[in-house]
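What's in upload-v4.pdb: PDB, C-alpha atoms
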ATOM      1  CA  THR U   1      10.388  40.772  -7.959
ATOM      2  CA  THR U   2       7.781  40.151 -10.627
ATOM      3  CA  LEU U   3       4.369  39.010  -9.536
ATOM      4  CA  ASP U   4       3.985  35.272  -9.736
ATOM      5  CA  THR U   5       0.878  34.666 -11.812
ATOM      6  CA  THR U   6       1.413  30.932 -12.239
ATOM      7  CA  ALA U   7      -1.197  28.551 -10.913
ATOM      8  CA  PRO U   8      -0.533  27.275  -7.394
ATOM      9  CA  MET U   9       1.496  24.099  -7.242
ATOM     10  CA  ASN U  10      -0.769  21.121  -7.187
ATOM     11  CA  VAL U  11       0.613  17.740  -6.254
ATOM     12  CA  VAL U  12      -1.799  14.918  -7.057
ATOM     13  CA  VAL U  13      -1.470  11.673  -5.106
ATOM     14  CA  THR U  14      -3.379   8.527  -5.961
ATOM     15  CA  TYR U  15      -4.380   7.366  -2.450
ATOM     16  CA  SER U  16      -4.630   8.483   1.131
ATOM     17  CA  ALA U  17      -1.749   6.708   2.887
ATOM     18  CA  ILE U  18       0.850   8.150   0.516
ATOM     19  CA  GLY U  19      -1.131  11.403   0.408
ATOM     20  CA  ASP U  20      -0.510  11.901   4.101
ATOM     21  CA  VAL U  21       3.247  11.353   3.771
ATOM     22  CA  VAL U  22       3.441  13.648   0.714
ATOM     23  CA  SER U  23       1.521  16.354   2.623
ATOM     24  CA  ARG U  24       4.041  16.164   5.440
ATOM     25  CA  LEU U  25       6.815  16.572   2.910
ATOM     26  CA  VAL U  26       5.389  19.560   0.979
ATOM     27  CA  GLY U  27       3.912  21.433   3.938
ATOM     28  CA  ASP U  28       2.204  24.537   2.569
ATOM     29  CA  ALA U  29       4.418  24.761  -0.534
ATOM     30  CA  ALA U  30       1.730  23.040  -2.605
ATOM     31  CA  THR U  31      -1.815  21.777  -2.489
ATOM     32  CA  VAL U  32      -2.032  17.997  -2.195
ATOM     33  CA  THR U  33      -5.031  16.364  -3.862
ATOM     34  CA  VAL U  34      -5.800  12.700  -3.198
ATOM     35  CA  LEU U  35      -7.680  11.010  -6.057
ATOM     36  CA  ILE U  36      -8.946   7.750  -4.579
ATOM     37  CA  PRO U  37     -11.380   8.468  -1.738
ATOM     38  CA  ASN U  38     -10.112   7.161   1.578
ATOM     39  CA  GLY U  39     -11.881   3.892   2.212
ATOM     40  CA  GLN U  40     -12.253   2.882  -1.406
ATOM     41  CA  ASP U  41     -10.300  -0.105  -2.706
ATOM     42  CA  GLN U  42      -7.392   1.240  -4.796
ATOM     43  CA  HIS U  43      -7.615  -1.843  -6.963
ATOM     44  CA  ASP U  44     -11.044  -0.995  -8.368
ATOM     45  CA  PHE U  45     -11.191   2.809  -8.459
ATOM     46  CA  GLU U  46     -12.258   4.309 -11.811
ATOM     47  CA  PRO U  47     -11.435   7.997 -12.414
ATOM     48  CA  SER U  48     -14.120  10.515 -13.412
ATOM     49  CA  ALA U  49     -13.587  13.098 -16.162
ATOM     50  CA  LYS U  50     -12.823  15.608 -13.401
ATOM     51  CA  ASP U  51     -10.174  13.270 -11.934
ATOM     52  CA  VAL U  52      -8.525  12.961 -15.343
ATOM     53  CA  GLU U  53      -8.477  16.741 -15.615
ATOM     54  CA  THR U  54      -6.920  16.990 -12.142
ATOM     55  CA  ILE U  55      -4.195  14.540 -13.200
ATOM     56  CA  ASN U  56      -3.488  16.438 -16.418
ATOM     57  CA  ASN U  57      -3.154  19.765 -14.583
ATOM     58  CA  ALA U  58      -0.884  18.458 -11.838
ATOM     59  CA  SER U  59       2.555  19.918 -11.111
ATOM     60  CA  LEU U  60       3.507  16.368 -10.110
ATOM     61  CA  VAL U  61       1.559  13.120  -9.809
ATOM     62  CA  VAL U  62       2.667  10.673  -7.124
ATOM     63  CA  SER U  63       1.433   7.122  -7.588
ATOM     64  CA  ASN U  64       2.261   3.820  -5.984
ATOM     65  CA  GLY U  65       2.977   2.088  -9.273
ATOM     66  CA  LEU U  66       3.126  -1.663  -9.970
ATOM     67  CA  ASP U  67      -0.492  -1.727 -11.159
ATOM     68  CA  LEU U  68      -1.866  -1.049  -7.695
ATOM     69  CA  GLU U  69      -4.124   1.660  -9.115
ATOM     70  CA  GLU U  70      -5.501  -0.523 -11.891
ATOM     71  CA  GLY U  71      -8.378   1.736 -12.920
ATOM     72  CA  LEU U  72      -6.100   4.795 -13.041
ATOM     73  CA  GLU U  73      -3.358   3.108 -15.060
ATOM     74  CA  ASP U  74      -4.537   4.417 -18.477
ATOM     75  CA  SER U  75      -5.124   7.981 -17.296
ATOM     76  CA  LEU U  76      -1.715   8.088 -15.593
ATOM     77  CA  LEU U  77      -0.021   6.725 -18.701
ATOM     78  CA  GLN U  78      -1.722   9.260 -20.987
ATOM     79  CA  ALA U  79      -0.800  12.117 -18.655
ATOM     80  CA  GLU U  80       2.813  10.947 -18.490
ATOM     81  CA  LYS U  81       2.950  10.754 -22.304
ATOM     82  CA  SER U  82       1.650  14.307 -22.544
ATOM     83  CA  GLY U  83       4.407  15.518 -20.225
ATOM     84  CA  VAL U  84       2.855  15.562 -16.746
ATOM     85  CA  PRO U  85       5.689  14.829 -14.269
ATOM     86  CA  MET U  86       5.065  11.440 -12.683
ATOM     87  CA  PHE U  87       6.656   9.836  -9.630
ATOM     88  CA  HIS U  88       6.084   6.139  -8.914
ATOM     89  CA  ILE U  89       6.970   5.183  -5.338
ATOM     90  CA  ALA U  90       7.655   1.585  -6.388
ATOM     91  CA  ASP U  91      10.485   2.716  -8.697
ATOM     92  CA  HIS U  92      12.471   3.960  -5.706
ATOM     93  CA  VAL U  93      12.195   1.215  -3.104
ATOM     94  CA  THR U  94      13.450  -2.331  -2.626
ATOM     95  CA  LEU U  95      10.664  -4.500  -3.973
ATOM     96  CA  LEU U  96       9.637  -7.932  -2.787
ATOM     97  CA  ASP U  97       9.314 -10.370  -5.636
ATOM     98  CA  ALA U  98       6.777 -13.126  -5.147
ATOM     99  CA  ALA U  99       8.400 -15.177  -7.916
ATOM    100  CA  GLU U 100      11.541 -15.587  -5.841
ATOM    101  CA  LYS U 101       9.424 -16.667  -2.907
ATOM    102  CA  GLU U 102       7.465 -19.241  -4.891
ATOM    103  CA  GLU U 103       9.672 -21.000  -7.373
ATOM    104  CA  GLY U 104       7.885 -22.615 -10.255
ATOM    105  CA  HIS U 105       5.212 -19.951 -10.747
ATOM    106  CA  GLU U 106       6.773 -18.441 -13.839
ATOM    107  CA  GLY U 107       3.432 -18.160 -15.601
ATOM    108  CA  GLU U 108       1.997 -15.669 -13.121
ATOM    109  CA  GLU U 109       2.839 -12.576 -15.164
ATOM    110  CA  ASP U 110       0.180 -13.470 -17.712
ATOM    111  CA  HIS U 111      -2.505 -12.038 -15.444
ATOM    112  CA  GLY U 112      -1.396  -8.489 -16.127
ATOM    113  CA  HIS U 113       0.130  -8.262 -12.669
ATOM    114  CA  GLY U 114       3.856  -8.595 -12.331
ATOM    115  CA  THR U 115       5.303 -10.739  -9.622
ATOM    116  CA  GLU U 116       6.407  -7.753  -7.549
ATOM    117  CA  ASP U 117       4.323  -6.881  -4.537
ATOM    118  CA  PRO U 118       2.856  -3.352  -4.815
ATOM    119  CA  HIS U 119       1.900  -2.918  -1.124
ATOM    120  CA  VAL U 120       5.039  -0.922  -0.316
ATOM    121  CA  TRP U 121       3.326   1.525   2.079
ATOM    122  CA  LEU U 122       2.635  -1.233   4.603
ATOM    123  CA  ASP U 123       6.233  -0.961   5.792
ATOM    124  CA  PRO U 124       7.326   2.568   6.783
ATOM    125  CA  GLU U 125      11.007   1.768   6.172
ATOM    126  CA  THR U 126      10.326   0.671   2.600
ATOM    127  CA  LEU U 127       8.253   3.809   2.051
ATOM    128  CA  ALA U 128      11.038   5.928   3.561
ATOM    129  CA  GLU U 129      13.437   4.698   0.858
ATOM    130  CA  ALA U 130      11.430   6.673  -1.728
ATOM    131  CA  VAL U 131      11.335   9.954   0.218
ATOM    132  CA  PRO U 132      14.699  11.472  -0.864
ATOM    133  CA  ALA U 133      13.913  10.832  -4.554
ATOM    134  CA  LEU U 134      10.395  12.187  -4.042
ATOM    135  CA  ALA U 135      11.843  15.361  -2.517
ATOM    136  CA  LYS U 136      13.970  15.792  -5.656
ATOM    137  CA  ALA U 137      10.957  15.245  -7.926
ATOM    138  CA  LEU U 138       9.040  17.845  -5.909
ATOM    139  CA  GLN U 139      11.942  20.247  -6.207
ATOM    140  CA  LEU U 140      11.931  19.836  -9.998
ATOM    141  CA  ALA U 141       8.182  20.388 -10.097
ATOM    142  CA  THR U 142       7.967  23.353  -7.720
ATOM    143  CA  GLY U 143      11.430  24.899  -7.663
ATOM    144  CA  LYS U 144      11.551  24.586  -3.879
ATOM    145  CA  ASP U 145      14.163  22.613  -1.943
ATOM    146  CA  PHE U 146      12.646  19.870   0.217
ATOM    147  CA  ALA U 147      15.859  18.292   1.522
ATOM    148  CA  ALA U 148      15.301  19.292   5.165
ATOM    149  CA  GLU U 149      11.676  18.120   5.069
ATOM    150  CA  ALA U 150      12.764  14.836   3.507
ATOM    151  CA  THR U 151      15.227  14.219   6.340
ATOM    152  CA  ALA U 152      12.491  14.952   8.895
ATOM    153  CA  VAL U 153       9.945  12.645   7.218
ATOM    154  CA  VAL U 154      12.478   9.805   6.910
ATOM    155  CA  GLY U 155      13.194  10.259  10.636
ATOM    156  CA  GLU U 156       9.473  10.094  11.449
ATOM    157  CA  LEU U 157       8.983   6.953   9.349
ATOM    158  CA  THR U 158      11.999   5.295  10.977
ATOM    159  CA  ALA U 159      10.626   6.134  14.438
ATOM    160  CA  LEU U 160       7.231   4.741  13.410
ATOM    161  CA  SER U 161       8.887   1.508  12.329
ATOM    162  CA  ALA U 162      10.620   1.194  15.716
ATOM    163  CA  LYS U 163       7.238   1.683  17.401
ATOM    164  CA  ILE U 164       5.683  -1.070  15.237
ATOM    165  CA  ARG U 165       8.607  -3.357  16.051
ATOM    166  CA  ASP U 166       7.888  -2.815  19.758
ATOM    167  CA  ILE U 167       4.224  -3.708  19.251
ATOM    168  CA  MET U 168       5.144  -6.840  17.297
ATOM    169  CA  THR U 169       7.647  -8.088  19.900
ATOM    170  CA  THR U 170       4.645  -9.058  22.040
ATOM    171  CA  VAL U 171       3.842 -11.801  19.500
ATOM    172  CA  ASP U 172       5.525 -15.188  20.005
ATOM    173  CA  GLU U 173       5.005 -16.499  16.531
ATOM    174  CA  CYS U 174       3.694 -14.293  13.757
ATOM    175  CA  LYS U 175       1.923 -16.457  11.164
ATOM    176  CA  LEU U 176      -0.573 -14.639   8.995
ATOM    177  CA  VAL U 177      -3.476 -15.638   6.791
ATOM    178  CA  THR U 178      -4.682 -12.479   5.045
ATOM    179  CA  GLY U 179      -7.456 -11.357   2.705
ATOM    180  CA  HIS U 180      -5.245 -10.878  -0.327
ATOM    181  CA  ASP U 181      -1.453 -10.861  -0.517
ATOM    182  CA  SER U 182      -1.068  -7.434   1.022
ATOM    183  CA  LEU U 183       1.182  -7.890   4.046
ATOM    184  CA  GLY U 184       4.396  -9.108   2.396
ATOM    185  CA  TYR U 185       6.425  -6.002   3.269
ATOM    186  CA  PHE U 186       5.021  -5.803   6.762
ATOM    187  CA  ALA U 187       5.778  -9.494   7.336
ATOM    188  CA  ALA U 188       9.310  -9.258   5.944
ATOM    189  CA  ARG U 189      10.124  -6.249   8.130
ATOM    190  CA  TYR U 190       8.574  -7.397  11.408
ATOM    191  CA  GLY U 191       9.392 -11.085  11.497
ATOM    192  CA  CYS U 192       6.117 -12.564  10.301
ATOM    193  CA  THR U 193       5.343 -15.315   7.816
ATOM    194  CA  VAL U 194       2.381 -15.012   5.480
ATOM    195  CA  VAL U 195       1.221 -18.619   5.252
ATOM    196  CA  GLY U 196      -1.681 -17.961   2.898
ATOM    197  CA  ALA U 197      -4.299 -15.576   1.543
ATOM    198  CA  VAL U 198      -8.011 -15.985   0.914
ATOM    199  CA  ILE U 199      -7.518 -14.359  -2.479
ATOM    200  CA  PRO U 200      -4.075 -15.499  -3.622
ATOM    201  CA  GLY U 201      -2.886 -12.429  -5.472
ATOM    202  CA  PHE U 202      -1.817  -8.817  -4.972
ATOM    203  CA  SER U 203      -5.135  -7.500  -6.226
ATOM    204  CA  THR U 204      -8.572  -7.855  -4.677
ATOM    205  CA  ALA U 205      -9.774  -8.275  -8.280
ATOM    206  CA  ALA U 206      -8.384 -11.831  -8.278
ATOM    207  CA  GLU U 207     -10.734 -14.683  -7.403
ATOM    208  CA  ALA U 208     -10.511 -17.333  -4.724
ATOM    209  CA  SER U 209     -11.119 -20.828  -6.059
ATOM    210  CA  ALA U 210     -12.638 -23.673  -4.074
ATOM    211  CA  GLY U 211      -9.363 -25.597  -4.442
ATOM    212  CA  SER U 212      -7.226 -22.778  -3.128
ATOM    213  CA  LEU U 213      -9.626 -22.283  -0.208
ATOM    214  CA  ALA U 214      -9.437 -25.959   0.712
ATOM    215  CA  ASP U 215      -5.627 -25.708   0.596
ATOM    216  CA  LEU U 216      -5.743 -22.555   2.706
ATOM    217  CA  LYS U 217      -7.778 -24.291   5.380
ATOM    218  CA  VAL U 218      -5.200 -27.090   5.586
ATOM    219  CA  VAL U 219      -2.294 -24.600   5.689
ATOM    220  CA  ALA U 220      -4.035 -22.577   8.411
ATOM    221  CA  GLN U 221      -4.615 -25.661  10.538
ATOM    222  CA  GLU U 222      -1.111 -27.077  10.011
ATOM    223  CA  ASN U 223       0.413 -23.751  11.014
ATOM    224  CA  GLY U 224      -1.890 -23.324  13.977
ATOM    225  CA  VAL U 225      -2.842 -19.825  12.853
ATOM    226  CA  LYS U 226      -4.669 -17.860  15.534
ATOM    227  CA  ALA U 227      -6.804 -15.628  13.321
ATOM    228  CA  ILE U 228      -7.824 -14.916   9.739
ATOM    229  CA  PHE U 229      -7.025 -11.303   8.930
ATOM    230  CA  THR U 230      -9.306  -9.673   6.428
ATOM    231  CA  GLU U 231      -9.395  -6.286   4.731
ATOM    232  CA  LEU U 232     -11.097  -4.112   2.169
ATOM    233  CA  GLY U 233     -12.126  -6.028  -0.936
ATOM    234  CA  THR U 234     -12.098  -9.534   0.569
ATOM    235  CA  PRO U 235     -15.477 -11.313   0.408
ATOM    236  CA  ALA U 236     -16.664 -11.485   4.029
ATOM    237  CA  ASP U 237     -18.711 -14.671   3.611
ATOM    238  CA  VAL U 238     -15.672 -16.584   2.322
ATOM    239  CA  VAL U 239     -13.498 -15.308   5.179
ATOM    240  CA  ASP U 240     -16.131 -16.157   7.785
ATOM    241  CA  GLN U 241     -16.526 -19.652   6.366
ATOM    242  CA  ILE U 242     -12.788 -20.383   6.510
ATOM    243  CA  ALA U 243     -12.445 -18.917   9.995
ATOM    244  CA  LYS U 244     -15.353 -21.047  11.179
ATOM    245  CA  GLU U 245     -13.862 -24.209   9.670
ATOM    246  CA  VAL U 246     -10.430 -23.512  11.137
ATOM    247  CA  GLY U 247     -12.011 -22.459  14.427
ATOM    248  CA  VAL U 248     -10.431 -19.006  14.739
ATOM    249  CA  ASP U 249     -11.608 -15.391  14.827
ATOM    250  CA  VAL U 250     -11.761 -12.981  11.935
ATOM    251  CA  VAL U 251      -9.761  -9.790  12.547
ATOM    252  CA  GLU U 252     -10.563  -6.834  10.317
ATOM    253  CA  LEU U 253      -7.464  -4.871   9.206
ATOM    254  CA  ALA U 254      -7.346  -1.414   7.679
ATOM    255  CA  THR U 255      -4.506  -1.934   5.205
ATOM    256  CA  HIS U 256      -5.788   0.467   2.538
ATOM    257  CA  VAL U 257      -7.631   3.037   4.656
ATOM    258  CA  LEU U 258      -6.519   5.872   6.909
ATOM    259  CA  PRO U 259      -8.390   6.002  10.224
ATOM    260  CA  GLU U 260     -10.926   8.771  10.689
ATOM    261  CA  ASN U 261      -9.117  11.954  11.772
ATOM    262  CA  GLY U 262      -5.815  10.073  11.674
ATOM    263  CA  GLY U 263      -2.838   9.886   9.388
ATOM    264  CA  TYR U 264      -0.424   7.275   8.114
ATOM    265  CA  ASP U 265       1.271   6.804  11.507
ATOM    266  CA  ASP U 266      -2.079   6.075  13.158
ATOM    267  CA  MET U 267      -2.998   3.668  10.387
ATOM    268  CA  MET U 268       0.233   1.689  10.744
ATOM    269  CA  THR U 269       0.145   1.692  14.557
ATOM    270  CA  GLN U 270      -3.461   0.472  14.518
ATOM    271  CA  LEU U 271      -2.573  -2.172  11.909
ATOM    272  CA  ALA U 272       0.284  -3.540  14.029
ATOM    273  CA  THR U 273      -1.867  -3.414  17.175
ATOM    274  CA  ALA U 274      -4.679  -5.328  15.454
ATOM    275  CA  ILE U 275      -2.279  -7.971  14.139
ATOM    276  CA  ALA U 276      -0.523  -8.371  17.503
ATOM    277  CA  GLY U 277      -3.901  -8.535  19.252
ATOM    278  CA  GLY U 278      -5.231 -11.148  16.850
ATOM    279  CA  LEU U 279      -2.173 -13.319  17.370
ATOM    280  CA  SER U 280      -1.976 -13.157  21.139
TER     281      SER U 280
END

Write-out of the structure in structure tokens:
Amino acid sequence: TTLDTTAPMNVVVTYSAIGDVVSRLVGDAATVTVLIPNGQDQHDFEPSAKDVETINNASLVVSNGLDLEEGLEDSLLQAEKSGVPMFHIADHVTLLDAAEKEEGHEGEEDHGHGTEDPHVWLDPETLAEAVPALAKALQLATGKDFAAEATAVVGELTALSAKIRDIMTTVDECKLVTGHDSLGYFAARYGCTVVGAVIPGFSTAAEASAGSLADLKVVAQENGVKAIFTELGTPADVVDQIAKEVGVDVVELATHVLPENGGYDDMMTQLATAIAGGLS
């Protein structure tokens, strides 16, 4: 055999939750580099020159898609145009469309965000839908077959979902008010209803207006919500104010952050536990 002098395979992933799942899939067949530091809001991350270089030298770039990584959008597009293989998770899963949920909001697309919810990783079963296609993309990029690993990872994600379902069965009625519209997939999968969000939109870059906050307070009271769930990128003072007026606690959720020394499974288990705890 001839000596392989090619650079090691480098799979670049935009953020930590998907990074963990991709790492489980590739094992030691490639290096996995996560661009957005764990704990930083994906919606407002801006890449450095070094990050752009990392993207351009990738064997494969795995991104969420659907404008989740707003600040990376241009760099990803340029790289794709110049031939860097690109895999968008959102292209390979069943998407939730907010427009179908809220008839009469046809004008929403003007904000640069489509009506499809990008938070696909907050439901392991939705994420699992993308794994077989991701394994094929990895095979094209690295020449290695990842079919067996894909089957294993899908199995793990399915088991994780069953575990979350168990946690959520302890909740009588799952009505959620969240920081921004991030829990659509989670709610759809585990029998919850998202009754409102402090920042009505899929991005933390959106603004909460006084009118929408007044409406939210009414909705929260009418639905008898038990907590206001908040997360990265939601203004704490606004959340605290609403919670105080409604007379409920604020529960901090890690929807965009992996726990310290923990992976995706820990993140999702902790998320479900925090939601169930806040509602009971």

* Asked: Please, what distance in Å, to one decimal, runs between atom CA of Ala210 of chain U and atom CA of Thr178 of chain U?
  ->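 Those two atoms sit 16.5 Å apart.
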
Sort by chain and increasing residue number a table of all residues of segment 36-125 of chain U within 9 Å of segment 238-256 of chain U, each with its closest pair of atoms and their distance in Å to one decimal, counting all atoms listed in the file, and write it as JSON lines.
{"residue": "U:Asn38", "atom": "CA", "partner": "U:His256", "partner_atom": "CA", "distance": 8.0}
{"residue": "U:Gly39", "atom": "CA", "partner": "U:His256", "partner_atom": "CA", "distance": 7.0}
{"residue": "U:Gln40", "atom": "CA", "partner": "U:His256", "partner_atom": "CA", "distance": 7.9}
{"residue": "U:Asp41", "atom": "CA", "partner": "U:His256", "partner_atom": "CA", "distance": 6.9}
{"residue": "U:Gln42", "atom": "CA", "partner": "U:His256", "partner_atom": "CA", "distance": 7.5}
{"residue": "U:Leu122", "atom": "CA", "partner": "U:Thr255", "partner_atom": "CA", "distance": 7.2}

* Apply the PyMOL selection byres ((chain U and resi 67) around 9) to the displayed file and report the matching residues as a list in words. => His43, Asn64, Gly65, Leu66, Leu68, Glu69, Glu70, Gly71, Leu72, Glu73, Gly112, His113, Gly114, Pro118 and Ser203 of chain U

* To do: Measuring atom to atom with only C-alpha atoms, identify which of U:Gly263, U:Gly83, U:Lys175, U:Thr170 is nearest to Gln221 of chain U.
  =>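 Between U:Gly263, U:Gly83, U:Lys175, U:Thr170, the residue approaching Gln221 of chain U most closely is U:Lys175.
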
Show me the residues close to (5.1, -8.7, 4.1) - anything with an atom within 9 Å, counting only C-alpha atoms - and format the list as a PDB file with C-alpha atoms, in the frame of the given file.
ATOM      1  CA  LEU U  96       9.637  -7.932  -2.787  1.00  0.00           C
ATOM      2  CA  ASP U 117       4.323  -6.881  -4.537  1.00  0.00           C
ATOM      3  CA  HIS U 119       1.900  -2.918  -1.124  1.00  0.00           C
ATOM      4  CA  VAL U 120       5.039  -0.922  -0.316  1.00  0.00           C
ATOM      5  CA  LEU U 122       2.635  -1.233   4.603  1.00  0.00           C
ATOM      6  CA  ASP U 123       6.233  -0.961   5.792  1.00  0.00           C
ATOM      7  CA  ASP U 181      -1.453 -10.861  -0.517  1.00  0.00           C
ATOM      8  CA  SER U 182      -1.068  -7.434   1.022  1.00  0.00           C
ATOM      9  CA  LEU U 183       1.182  -7.890   4.046  1.00  0.00           C
ATOM     10  CA  GLY U 184       4.396  -9.108   2.396  1.00  0.00           C
ATOM     11  CA  TYR U 185       6.425  -6.002   3.269  1.00  0.00           C
ATOM     12  CA  PHE U 186       5.021  -5.803   6.762  1.00  0.00           C
ATOM     13  CA  ALA U 187       5.778  -9.494   7.336  1.00  0.00           C
ATOM     14  CA  ALA U 188       9.310  -9.258   5.944  1.00  0.00           C
ATOM     15  CA  ARG U 189      10.124  -6.249   8.130  1.00  0.00           C
ATOM     16  CA  TYR U 190       8.574  -7.397  11.408  1.00  0.00           C
ATOM     17  CA  GLY U 191       9.392 -11.085  11.497  1.00  0.00           C
ATOM     18  CA  CYS U 192       6.117 -12.564  10.301  1.00  0.00           C
ATOM     19  CA  THR U 193       5.343 -15.315   7.816  1.00  0.00           C
ATOM     20  CA  VAL U 194       2.381 -15.012   5.480  1.00  0.00           C
TER      21      VAL U 194
END

Taking only residues of segment 156-261 of chain U that have an atom at most 10 Å from an atom of segment 8-31 of chain U, what is each one's shortest atom pair and its distance in Å to one decimal, using all atoms listed in the file, in chain and number order, as JSON lines?
{"residue": "U:Glu156", "atom": "CA", "partner": "U:Val21", "partner_atom": "CA", "distance": 10.0}
{"residue": "U:Leu157", "atom": "CA", "partner": "U:Val21", "partner_atom": "CA", "distance": 9.1}
{"residue": "U:Thr255", "atom": "CA", "partner": "U:Ala17", "partner_atom": "CA", "distance": 9.4}
{"residue": "U:His256", "atom": "CA", "partner": "U:Ala17", "partner_atom": "CA", "distance": 7.4}
{"residue": "U:Val257", "atom": "CA", "partner": "U:Ser16", "partner_atom": "CA", "distance": 7.1}
{"residue": "U:Leu258", "atom": "CA", "partner": "U:Ala17", "partner_atom": "CA", "distance": 6.3}
{"residue": "U:Pro259", "atom": "CA", "partner": "U:Ala17", "partner_atom": "CA", "distance": 9.9}

* Asked: Using all atoms listed in the file, which residues sit within 8 Å of Met268 of chain U once same-chain residues fewer than 3 positions away are excluded, as a list in words?
  ->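 Everything that qualifies: Leu122, Ile164, Tyr264, Asp265, Leu271 and Ala272 of chain U.
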
Selected residues written out with C-alpha atoms, as a CSV table (one decimal), in the coordinates of the input:
chain,number,residue,atom,x,y,z
U,122,LEU,CA,2.6,-1.2,4.6
U,164,ILE,CA,5.7,-1.1,15.2
U,264,TYR,CA,-0.4,7.3,8.1
U,265,ASP,CA,1.3,6.8,11.5
U,271,LEU,CA,-2.6,-2.2,11.9
U,272,ALA,CA,0.3,-3.5,14.0

* To do: Evaluate the PyMOL selection byres ((chain U and resi 200) around 10) on the structure here and hand back the selected residues as a list in words.
  => Thr178, Gly179, His180, Asp181, Ser182, Gly196, Ala197, Val198, Ile199, Gly201, Phe202, Ser203, Thr204, Ala206, Glu207, Ala208, Ser209, Ser212, Leu213 and Leu216 of chain U

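As for atom CA of Ala130 of chain U and atom CA of Ala58 of chain U, they are spaced 19.8 Å apart.
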
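With all atoms listed in the file as the atoms that count, the residue of U:Val218, U:Val195, U:Ala205, U:Met168 with the shortest distance to Gly278 of chain U is U:Met168.
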
* Asked: Which distance in Å separates atom CA of Asn223 of chain U and atom CA of Pro124 of chain U, to one decimal?
  ->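 Taking atom CA of Asn223 of chain U and atom CA of Pro124 of chain U, their separation equals 27.5 Å.
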
* To do: For each of U:Ala236, U:Val84, U:Leu60, U:Ala49, take the minimum atom-to-atom distance to Thr142 of chain U, counting all atoms listed in the file, then give the residue where this is smallest.
  =>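 Nearest to Thr142 of chain U: U:Leu60.
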